[in-house]
>>> print(open('final.tsv').read())   # TSV, C-alpha atoms
chain	number	residue	atom	x	y	z
A	1	MET	CA	-26.43	12.13	12.08
A	2	ILE	CA	-22.93	10.94	11.24
A	3	ILE	CA	-22.55	7.55	9.54
A	4	ASP	CA	-19.32	5.58	9.55
A	5	ALA	CA	-17.38	4.50	6.46
A	6	THR	CA	-18.71	0.93	6.31
A	7	THR	CA	-22.32	2.06	6.39
A	8	ALA	CA	-21.62	4.69	3.73
A	9	ILE	CA	-20.04	2.05	1.46
A	10	ASP	CA	-22.90	-0.37	2.07
A	11	LEU	CA	-25.40	2.36	1.17
A	12	ALA	CA	-23.62	3.82	-1.82
A	13	TYR	CA	-22.18	0.80	-3.58
A	14	PRO	CA	-25.44	-0.95	-4.54
A	15	ILE	CA	-26.65	2.35	-6.04
A	16	GLY	CA	-23.41	2.66	-8.01
A	17	VAL	CA	-23.67	-0.90	-9.28
A	18	GLY	CA	-27.27	-0.16	-10.23
A	19	ILE	CA	-26.22	2.88	-12.26
A	20	ALA	CA	-23.52	0.79	-13.97
A	21	ALA	CA	-26.12	-1.88	-14.77
A	22	CYS	CA	-28.36	0.85	-16.23
A	23	GLY	CA	-25.67	1.91	-18.68
A	24	GLY	CA	-24.84	-1.66	-19.52
A	25	ALA	CA	-28.50	-2.47	-20.17
A	26	ILE	CA	-28.89	0.49	-22.54
A	27	GLY	CA	-25.75	-0.49	-24.43
A	28	LEU	CA	-26.74	-4.15	-24.60
A	29	GLY	CA	-30.20	-3.25	-25.86
A	30	MET	CA	-28.76	-1.14	-28.64
A	31	ALA	CA	-26.22	-3.79	-29.61
A	32	VAL	CA	-28.73	-6.65	-29.66
A	33	SER	CA	-31.36	-4.63	-31.54
A	34	ALA	CA	-28.81	-3.69	-34.21
A	35	GLY	CA	-27.64	-7.30	-34.40
A	36	LEU	CA	-31.17	-8.66	-34.78
A	37	ASN	CA	-31.92	-6.01	-37.41
A	38	GLY	CA	-28.92	-7.11	-39.41
A	39	MET	CA	-29.77	-10.78	-38.97
A	40	SER	CA	-33.36	-10.35	-40.11
A	41	ARG	CA	-32.25	-8.37	-43.15
A	42	GLN	CA	-29.62	-10.90	-44.13
A	43	PRO	CA	-30.41	-14.32	-42.64
A	44	GLU	CA	-27.51	-16.01	-44.44
A	45	MET	CA	-25.04	-13.87	-42.47
A	46	SER	CA	-26.70	-14.61	-39.11
A	47	GLY	CA	-24.00	-16.98	-37.84
A	48	LYS	CA	-21.22	-14.45	-38.26
A	49	LEU	CA	-23.35	-11.59	-36.92
A	50	LEU	CA	-24.35	-13.61	-33.86
A	51	THR	CA	-20.72	-14.38	-33.01
A	52	ASN	CA	-19.67	-10.76	-33.32
A	53	MET	CA	-22.74	-9.62	-31.39
A	54	ILE	CA	-21.93	-11.97	-28.51
A	55	ILE	CA	-18.35	-10.68	-28.39
A	56	GLY	CA	-19.64	-7.10	-28.27
A	57	ALA	CA	-22.16	-8.01	-25.60
A	58	ALA	CA	-19.37	-9.56	-23.55
A	59	PHE	CA	-17.38	-6.34	-23.81
A	60	ILE	CA	-20.38	-4.30	-22.68
A	61	GLU	CA	-21.30	-6.49	-19.76
A	62	ALA	CA	-17.66	-6.59	-18.66
A	63	CYS	CA	-18.02	-2.94	-17.60
A	64	VAL	CA	-20.91	-3.83	-15.29
A	65	ILE	CA	-18.94	-6.78	-13.99
A	66	TYR	CA	-16.04	-4.45	-13.11
A	67	ALA	CA	-18.41	-2.43	-10.90
A	68	LEU	CA	-19.64	-5.62	-9.23
A	69	ILE	CA	-16.08	-6.88	-8.68
A	70	SER	CA	-14.99	-3.62	-7.07
A	71	TYR	CA	-17.89	-4.06	-4.65
A	72	PHE	CA	-16.75	-7.56	-3.70
A	73	ILE	CA	-13.18	-6.40	-3.26
A	74	ILE	CA	-13.94	-3.37	-1.14
A	75	LYS	CA	-16.50	-5.09	1.10
B	76	MET	CA	-13.10	-10.32	0.42
B	77	SER	CA	-14.20	-10.89	3.96
B	78	LYS	CA	-17.04	-13.38	3.96
B	79	SER	CA	-18.09	-15.86	1.34
B	80	VAL	CA	-21.73	-16.38	0.48
B	81	GLU	CA	-21.11	-19.18	-1.98
B	82	LEU	CA	-22.55	-22.64	-1.48
B	83	PRO	CA	-20.45	-25.05	0.59
B	84	ASN	CA	-18.32	-27.55	-1.29
B	85	VAL	CA	-16.40	-30.71	-0.38
B	86	VAL	CA	-13.34	-28.81	0.78
B	87	THR	CA	-15.13	-26.29	3.00
B	88	LEU	CA	-17.24	-29.08	4.52
B	89	LEU	CA	-14.09	-31.09	5.29
B	90	HIS	CA	-12.57	-27.96	6.80
B	91	GLU	CA	-15.51	-27.65	9.20
B	92	SER	CA	-15.65	-31.37	10.03
B	93	PRO	CA	-13.69	-33.05	12.88
B	94	LEU	CA	-11.07	-33.98	10.27
B	95	LYS	CA	-9.79	-30.41	10.00
B	96	GLU	CA	-6.64	-31.10	12.05
B	97	ASN	CA	-5.56	-33.66	9.41
B	98	SER	CA	-2.63	-32.39	7.35
B	99	ILE	CA	-4.14	-33.62	4.04
B	100	VAL	CA	-7.32	-31.61	4.70
B	101	HIS	CA	-5.18	-28.62	5.62
B	102	HIS	CA	-3.36	-28.82	2.27
B	103	LEU	CA	-6.64	-29.39	0.44
B	104	VAL	CA	-7.99	-26.12	1.84
B	105	GLU	CA	-4.82	-24.31	0.77
B	106	PHE	CA	-4.93	-25.74	-2.76
B	107	GLU	CA	-8.69	-25.82	-3.24
B	108	SER	CA	-8.51	-24.70	-6.87
B	109	LEU	CA	-6.01	-27.41	-7.80
B	110	PHE	CA	-8.31	-30.09	-6.39
B	111	PHE	CA	-11.29	-28.92	-8.46
B	112	ILE	CA	-9.16	-28.40	-11.56
B	113	SER	CA	-7.94	-31.99	-11.22
B	114	VAL	CA	-11.54	-33.19	-11.00
B	115	VAL	CA	-12.37	-31.32	-14.23
B	116	ILE	CA	-9.29	-32.56	-16.07
B	117	ILE	CA	-9.94	-36.18	-15.08
B	118	ALA	CA	-13.61	-35.91	-16.14
B	119	ILE	CA	-12.74	-34.36	-19.52
B	120	SER	CA	-10.03	-36.96	-20.12
B	121	ILE	CA	-12.39	-39.84	-19.34
B	122	VAL	CA	-15.12	-38.48	-21.64
B	123	PHE	CA	-12.75	-37.93	-24.54
B	124	TYR	CA	-10.99	-41.28	-23.93
B	125	LEU	CA	-14.30	-43.17	-23.98
B	126	GLY	CA	-15.41	-41.27	-27.06
B	127	THR	CA	-12.29	-41.94	-29.11
B	128	LYS	CA	-11.26	-45.36	-27.74
B	129	LYS	CA	-12.88	-47.29	-30.56
B	130	SER	CA	-12.97	-44.82	-33.43
B	131	ARG	CA	-15.15	-46.15	-36.21
B	132	LEU	CA	-16.16	-44.85	-39.58
B	133	VAL	CA	-19.79	-45.03	-38.49
B	134	PRO	CA	-19.53	-43.33	-35.08
B	135	GLY	CA	-21.41	-44.22	-31.92
B	136	PRO	CA	-23.41	-41.59	-30.05
B	137	LEU	CA	-20.56	-40.27	-27.88
B	138	GLN	CA	-18.03	-40.23	-30.70
B	139	ASN	CA	-20.57	-38.49	-32.92
B	140	ALA	CA	-21.22	-35.80	-30.32
B	141	LEU	CA	-17.51	-35.19	-29.71
B	142	GLU	CA	-16.80	-35.03	-33.44
B	143	MET	CA	-19.65	-32.58	-33.99
B	144	PHE	CA	-18.44	-30.38	-31.13
B	145	THR	CA	-14.82	-30.41	-32.31
B	146	GLU	CA	-15.77	-29.77	-35.91
B	147	SER	CA	-18.06	-26.83	-35.19
B	148	LEU	CA	-15.46	-25.25	-32.91
B	149	PHE	CA	-12.82	-25.80	-35.59
B	150	ASN	CA	-15.00	-24.19	-38.25
B	151	LEU	CA	-15.57	-21.18	-36.01
B	152	ILE	CA	-11.87	-20.69	-35.29
B	153	GLU	CA	-10.91	-21.38	-38.91
B	154	SER	CA	-13.35	-18.73	-40.14
B	155	ILE	CA	-11.47	-16.13	-38.05
B	156	LEU	CA	-7.86	-17.26	-38.36
B	157	GLY	CA	-7.81	-18.83	-41.80
B	158	LYS	CA	-6.88	-22.40	-42.68
B	159	LYS	CA	-3.11	-22.27	-42.16
B	160	HIS	CA	-2.97	-20.57	-38.76
B	161	GLY	CA	-6.29	-22.03	-37.65
B	162	GLU	CA	-4.95	-25.58	-37.82
B	163	LYS	CA	-1.84	-24.60	-35.87
B	164	LEU	CA	-3.57	-22.72	-33.05
B	165	PHE	CA	-6.73	-24.84	-32.81
B	166	PRO	CA	-5.39	-27.27	-30.13
B	167	TYR	CA	-4.56	-24.46	-27.71
B	168	LEU	CA	-7.83	-22.57	-28.25
B	169	ALA	CA	-10.00	-25.70	-28.05
B	170	THR	CA	-8.23	-26.73	-24.83
B	171	LEU	CA	-9.00	-23.30	-23.38
B	172	PHE	CA	-12.67	-23.68	-24.32
B	173	VAL	CA	-13.08	-27.18	-22.92
B	174	PHE	CA	-11.18	-26.37	-19.72
B	175	ILE	CA	-13.09	-23.17	-18.98
B	176	ALA	CA	-16.49	-24.64	-19.86
B	177	GLY	CA	-15.79	-27.71	-17.70
B	178	ASN	CA	-14.73	-25.56	-14.77
B	179	ASN	CA	-17.80	-23.33	-15.13
B	180	PHE	CA	-20.13	-26.33	-15.20
B	181	LEU	CA	-18.52	-27.88	-12.13
B	182	GLY	CA	-19.90	-25.02	-9.99
B	183	MET	CA	-23.44	-26.18	-10.72
B	184	LEU	CA	-22.93	-29.69	-9.35
B	185	PRO	CA	-23.66	-30.17	-5.64
B	186	LEU	CA	-20.61	-30.09	-3.33
B	187	MET	CA	-18.42	-28.73	-6.13
B	188	LYS	CA	-16.99	-25.30	-6.93
B	189	SER	CA	-16.05	-23.50	-10.12
B	190	SER	CA	-12.34	-22.89	-9.84
B	191	THR	CA	-12.79	-20.15	-12.47
B	192	SER	CA	-14.48	-18.10	-9.73
B	193	LEU	CA	-10.99	-17.68	-8.22
B	194	TYR	CA	-8.81	-14.95	-9.65
B	195	THR	CA	-5.73	-17.11	-9.16
B	196	VAL	CA	-7.04	-19.43	-11.88
B	197	THR	CA	-8.31	-16.98	-14.49
B	198	LEU	CA	-5.28	-14.65	-14.36
B	199	PRO	CA	-2.77	-17.38	-15.36
B	200	LEU	CA	-5.07	-18.44	-18.21
B	201	ALA	CA	-5.19	-14.86	-19.52
B	202	LEU	CA	-1.47	-14.23	-18.94
B	203	PHE	CA	-0.58	-17.41	-20.80
B	204	THR	CA	-2.74	-16.34	-23.74
B	205	PHE	CA	-1.17	-12.86	-23.62
B	206	VAL	CA	2.40	-14.21	-23.72
B	207	PHE	CA	1.48	-16.69	-26.46
B	208	VAL	CA	-0.04	-13.89	-28.57
B	209	GLN	CA	3.10	-11.75	-28.15
B	210	VAL	CA	5.34	-14.69	-29.10
B	211	VAL	CA	3.23	-15.42	-32.18
B	212	ALA	CA	3.26	-11.72	-33.15
B	213	VAL	CA	7.05	-11.40	-32.79
B	214	LYS	CA	7.60	-14.65	-34.70
B	215	HIS	CA	5.28	-13.53	-37.49
B	216	GLN	CA	6.34	-9.89	-37.92
B	217	GLY	CA	9.91	-9.93	-36.58
B	218	VAL	CA	11.08	-7.77	-33.66
B	219	ILE	CA	11.44	-4.61	-35.79
B	220	GLY	CA	8.12	-5.15	-37.51
B	221	TYR	CA	6.43	-5.74	-34.18
B	222	LEU	CA	7.79	-2.50	-32.70
B	223	TYR	CA	6.90	-0.67	-35.93
B	224	HIS	CA	3.36	-1.97	-35.65
B	225	LEU	CA	3.20	-0.93	-31.98
B	226	ALA	CA	4.22	2.60	-33.01
B	227	GLY	CA	1.20	2.76	-35.31
B	228	THR	CA	2.96	1.99	-38.64
B	229	PRO	CA	4.24	5.58	-39.19
B	230	LYS	CA	4.71	6.59	-42.86
B	231	ASP	CA	4.98	10.40	-43.15
B	232	ILE	CA	6.43	13.09	-40.90
B	233	ILE	CA	3.31	13.71	-38.81
B	234	THR	CA	2.80	10.06	-37.94
B	235	TRP	CA	6.53	9.79	-37.06
B	236	ILE	CA	6.11	12.72	-34.63
B	237	LEU	CA	3.05	11.03	-33.17
B	238	ALA	CA	4.78	7.63	-33.01
B	239	PRO	CA	5.91	7.80	-29.33
B	240	PHE	CA	2.38	8.60	-28.22
B	241	MET	CA	0.93	5.86	-30.38
B	242	PHE	CA	3.51	3.48	-28.93
B	243	CYS	CA	2.39	4.23	-25.37
B	244	LEU	CA	-1.26	3.97	-26.40
B	245	HIS	CA	-0.80	0.58	-28.04
B	246	LEU	CA	1.32	-0.64	-25.12
B	247	VAL	CA	-1.46	0.17	-22.64
B	248	GLY	CA	-3.97	-1.43	-25.00
B	249	GLU	CA	-1.92	-4.62	-25.12
B	250	LEU	CA	-1.47	-4.72	-21.34
B	251	ALA	CA	-5.18	-4.17	-20.72
B	252	ARG	CA	-6.07	-7.34	-22.63
B	253	PRO	CA	-5.10	-9.99	-20.04
B	254	VAL	CA	-6.68	-7.91	-17.26
B	255	SER	CA	-10.00	-7.56	-19.06
B	256	LEU	CA	-10.00	-11.21	-20.18
B	257	SER	CA	-9.38	-12.58	-16.70
B	258	VAL	CA	-11.59	-10.15	-14.78
B	259	ARG	CA	-14.53	-10.76	-17.13
B	260	LEU	CA	-14.45	-14.53	-16.64
B	261	PHE	CA	-13.78	-14.29	-12.89
B	262	GLY	CA	-16.54	-11.73	-12.31
B	263	ASN	CA	-19.17	-13.56	-14.29
B	264	ILE	CA	-18.58	-16.93	-12.65
B	265	LEU	CA	-18.18	-15.49	-9.15
B	266	GLY	CA	-21.38	-13.48	-9.57
B	267	GLU	CA	-23.21	-16.58	-10.75
B	268	ASP	CA	-21.97	-18.67	-7.82
B	269	ILE	CA	-22.88	-15.98	-5.29
B	270	MET	CA	-26.35	-15.77	-6.88
B	271	PHE	CA	-26.82	-19.53	-6.30
B	272	GLY	CA	-25.68	-19.15	-2.70
B	273	VAL	CA	-27.93	-16.19	-1.95
B	274	PHE	CA	-31.04	-17.73	-3.49
B	275	THR	CA	-30.48	-21.08	-1.80
B	276	GLY	CA	-30.31	-19.11	1.45
B	277	PHE	CA	-33.62	-17.42	0.62
B	278	GLY	CA	-35.23	-20.77	-0.11
B	279	VAL	CA	-34.04	-22.24	3.18
B	280	THR	CA	-35.25	-19.17	5.09
B	281	ILE	CA	-38.72	-19.23	3.51
B	282	MET	CA	-39.11	-22.98	4.08
B	283	GLY	CA	-37.88	-22.57	7.65
B	284	ILE	CA	-40.62	-20.02	8.35
B	285	VAL	CA	-43.26	-22.29	6.81
B	286	MET	CA	-42.04	-25.28	8.81
B	287	MET	CA	-42.04	-23.21	11.99
B	288	TRP	CA	-45.71	-22.46	11.32
B	289	PHE	CA	-46.47	-26.20	11.41
B	290	THR	CA	-44.01	-27.64	13.92
B	291	GLY	CA	-43.34	-24.69	16.19
B	292	THR	CA	-39.55	-24.99	15.96
B	293	PRO	CA	-37.29	-23.50	13.28
B	294	GLN	CA	-36.33	-26.08	10.67
B	295	THR	CA	-33.39	-25.44	8.36
B	296	TRP	CA	-32.73	-28.87	6.90
B	297	ILE	CA	-34.95	-28.34	3.84
B	298	GLY	CA	-35.46	-25.49	1.40
B	299	ILE	CA	-37.34	-24.42	-1.71
B	300	PRO	CA	-35.02	-24.74	-4.76
B	301	LEU	CA	-35.24	-21.04	-5.62
B	302	GLU	CA	-31.80	-21.19	-7.30
B	303	LEU	CA	-33.08	-23.56	-10.00
B	304	PRO	CA	-34.03	-20.86	-12.59
B	305	PHE	CA	-30.61	-19.29	-12.13
B	306	MET	CA	-29.01	-22.64	-12.80
B	307	PHE	CA	-30.61	-22.73	-16.26
B	308	LEU	CA	-29.30	-19.19	-16.78
B	309	GLY	CA	-25.96	-20.41	-15.49
B	310	LEU	CA	-25.83	-23.18	-18.11
B	311	MET	CA	-25.98	-20.46	-20.77
B	312	THR	CA	-23.54	-18.12	-19.01
B	313	SER	CA	-20.99	-20.91	-18.61
B	314	ILE	CA	-20.97	-21.73	-22.32
B	315	VAL	CA	-21.05	-18.06	-23.39
B	316	GLN	CA	-18.18	-17.07	-21.10
B	317	ALA	CA	-16.03	-19.97	-22.28
B	318	LEU	CA	-16.86	-19.05	-25.88
B	319	VAL	CA	-16.11	-15.38	-25.28
B	320	PHE	CA	-12.72	-16.16	-23.73
B	321	THR	CA	-11.84	-18.46	-26.63
B	322	LEU	CA	-13.13	-16.11	-29.34
B	323	LEU	CA	-11.35	-13.08	-27.89
B	324	SER	CA	-8.10	-15.07	-27.73
B	325	THR	CA	-8.71	-16.08	-31.34
B	326	ILE	CA	-9.25	-12.46	-32.34
B	327	TYR	CA	-6.06	-11.38	-30.55
B	328	PHE	CA	-4.20	-14.07	-32.48
B	329	SER	CA	-5.78	-12.95	-35.74
B	330	LEU	CA	-4.80	-9.32	-35.02
B	331	ALA	CA	-1.24	-10.46	-34.36
B	332	LEU	CA	-1.16	-12.51	-37.56
B	333	SER	CA	-2.99	-10.29	-40.03
B	334	GLU	CA	-0.37	-7.54	-40.33
B	335	GLU	CA	1.16	-8.84	-43.56
B	336	SER	CA	-1.89	-7.89	-45.62
B	337	HIS	CA	-1.75	-4.12	-45.01
>>> encode(input="final.tsv", output="structure tokens")
Amino acid sequence: MIIDATTAIDLAYPIGVGIAACGGAIGLGMAVSAGLNGMSRQPEMSGKLLTNMIIGAAFIEACVIYALISYFIIK
Amino acid sequence: MSKSVELPNVVTLLHESPLKENSIVHHLVEFESLFFISVVIIAISIVFYLGTKKSRLVPGPLQNALEMFTESLFNLIESILGKKHGEKLFPYLATLFVFIAGNNFLGMLPLMKSSTSLYTVTLPLALFTFVFVQVVAVKHQGVIGYLYHLAGTPKDIITWILAPFMFCLHLVGELARPVSLSVRLFGNILGEDIMFGVFTGFGVTIMGIVMMWFTGTPQTWIGIPLELPFMFLGLMTSIVQALVFTLLSTIYFSLALSEESH
């Protein structure tokens, strides 16, 4: 069976975005766990740690968002 | 981008109504983002005007809220930039925050659209920040100092040999900033809006099937508000994305300004 390009993209892209989300989730989990560890050890620093953690989380999730955007653009 | 799955807004509804031959409606469709940006700017102006119209030493509720918001944002920016530069750059950064947060929230009101889900809005915001950062860096370090910093502050022979490569590396790093800033905001808000659209569609479909069970004909005028949980998530995303844009701009400014110390 031969599938055309549109079908191939429709099949493959969600899987690719899923893989990207997998990596992003692992990275986010590590970042947040490290952040919470630091915050629980030193509660007086929690404000600064939270800000930096959110910036890092934004960087991580940006990678997943790039995958999603490329899907919207190519569709 | 072929087909849109976002919820309909005032402009798209006007475009599908009998009024679509009208030239004003035609222009409104062309300049959709400007219309929604104007709505946001007018709303923000009214809120801040009402809050600061009668400034008193003992503030009313609205004035109190606005003062608390401004002060906490100022403390955050000051803690990164320092007192001297923080006071200078605070107006620009706070405007960015309020503008982006307002635009993000507008997408959650019925018949409205987040203009930050259009790339033509987020790219100018990021480019403006990029140019402003470069201007501040050149003003602060001088043209020679700026180029020296871009080449990786070479000191001995090996770093001087590596300087051209470091220059290219830093140049690409600088140019990637506006792209990543704008695409992050655009992608998050567009994804959020599409999520609302898709789940509203699900709700209407499910309700239509249930109504067909009772009445025998398909009904699509009512739906289950399945998008409601995502709206609460969207409240958080809107604030976080505005904060991330502002904080990253602040950090870029602080990187441009901090070169005197080392």
>>> closest_atom_pairs(input="final.tsv", of="chain B", to="chain A", cutoff="10 Å", atoms="only C-alpha atoms", output="CSV")
residue,atom,partner,partner_atom,distance
B:Met76,CA,A:Ile73,CA,5.4
B:Ser77,CA,A:Lys75,CA,6.9
B:Lys78,CA,A:Lys75,CA,8.8
B:Ser79,CA,A:Phe72,CA,9.8
B:Leu151,CA,A:Thr51,CA,9.0
B:Ser154,CA,A:Lys48,CA,9.2
B:Ile155,CA,A:Lys48,CA,9.9
B:Ser255,CA,A:Ala62,CA,7.7
B:Leu256,CA,A:Ala62,CA,9.1
B:Val258,CA,A:Tyr66,CA,7.4
B:Arg259,CA,A:Ala62,CA,5.4
B:Leu260,CA,A:Ala62,CA,8.8
B:Phe261,CA,A:Ile69,CA,8.8
B:Gly262,CA,A:Ile65,CA,5.8
B:Asn263,CA,A:Ile65,CA,6.8
B:Leu265,CA,A:Ile69,CA,8.9
B:Gly266,CA,A:Leu68,CA,8.1
B:Val315,CA,A:Ile54,CA,8.0
B:Gln316,CA,A:Ala58,CA,8.0
B:Leu318,CA,A:Ile55,CA,8.9
B:Val319,CA,A:Ile55,CA,6.1
B:Phe320,CA,A:Ile55,CA,9.1
B:Leu322,CA,A:Ile55,CA,7.6
B:Leu323,CA,A:Ile55,CA,7.4
>>> closest_residue(input="final.tsv", among="A:Leu11, A:Ile3, A:Ile60, A:Met53", to="Val32 of chain A", atoms="only C-alpha atoms")
A:Met53
>>> atom_distance(input="final.tsv", atom1="atom CA of Thr325 of chain B", atom2="atom CA of Ile264 of chain B")
21.2 Å
>>> residues_around(input="final.tsv", residues="Leu202 of chain B", least_positions_apart="5", cutoff="9 Å", atoms="only C-alpha atoms", output="PDB file with C-alpha atoms, keeping the file's coordinate frame")
ATOM      1  CA  THR B 197      -8.310 -16.980 -14.490  1.00  0.00           C
ATOM      2  CA  PHE B 207       1.480 -16.690 -26.460  1.00  0.00           C
ATOM      3  CA  PRO B 253      -5.100  -9.990 -20.040  1.00  0.00           C
ATOM      4  CA  VAL B 254      -6.680  -7.910 -17.260  1.00  0.00           C
ATOM      5  CA  SER B 257      -9.380 -12.580 -16.700  1.00  0.00           C
TER       6      SER B 257
END
>>> closest_residue(input="final.tsv", among="B:Leu222, B:Leu132, B:Met270, B:Ile112", to="Phe305 of chain B", atoms="all atoms listed in the file")
B:Met270
>>> closest_residue(input="final.tsv", among="B:Lys188, B:His245, B:Ser120, B:Lys214", to="Thr228 of chain B", atoms="all atoms listed in the file")
B:His245
>>> atom_distance(input="final.tsv", atom1="atom CA of Gly157 of chain B", atom2="atom CA of Leu330 of chain B")
12.1 Å
>>> atom_distance(input="final.tsv", atom1="atom CA of Ile175 of chain B", atom2="atom CA of Ala317 of chain B")
5.5 Å
>>> closest_residue(input="final.tsv", among="B:Phe240, B:Phe165, B:Phe111, B:Phe123", to="Leu184 of chain B", atoms="all atoms listed in the file")
B:Phe111
>>> residues_around(input="final.tsv", residues="Val86 of chain B", least_positions_apart="3", cutoff="8 Å", atoms="all atoms listed in the file", output="count of residues only")
6
>>> residues_around(input="final.tsv", residues="segment 237-239 of chain B", least_positions_apart="6", cutoff="8 Å", atoms="all atoms listed in the file", output="list in words")
Ala226, Gly227 and Pro229 of chain B
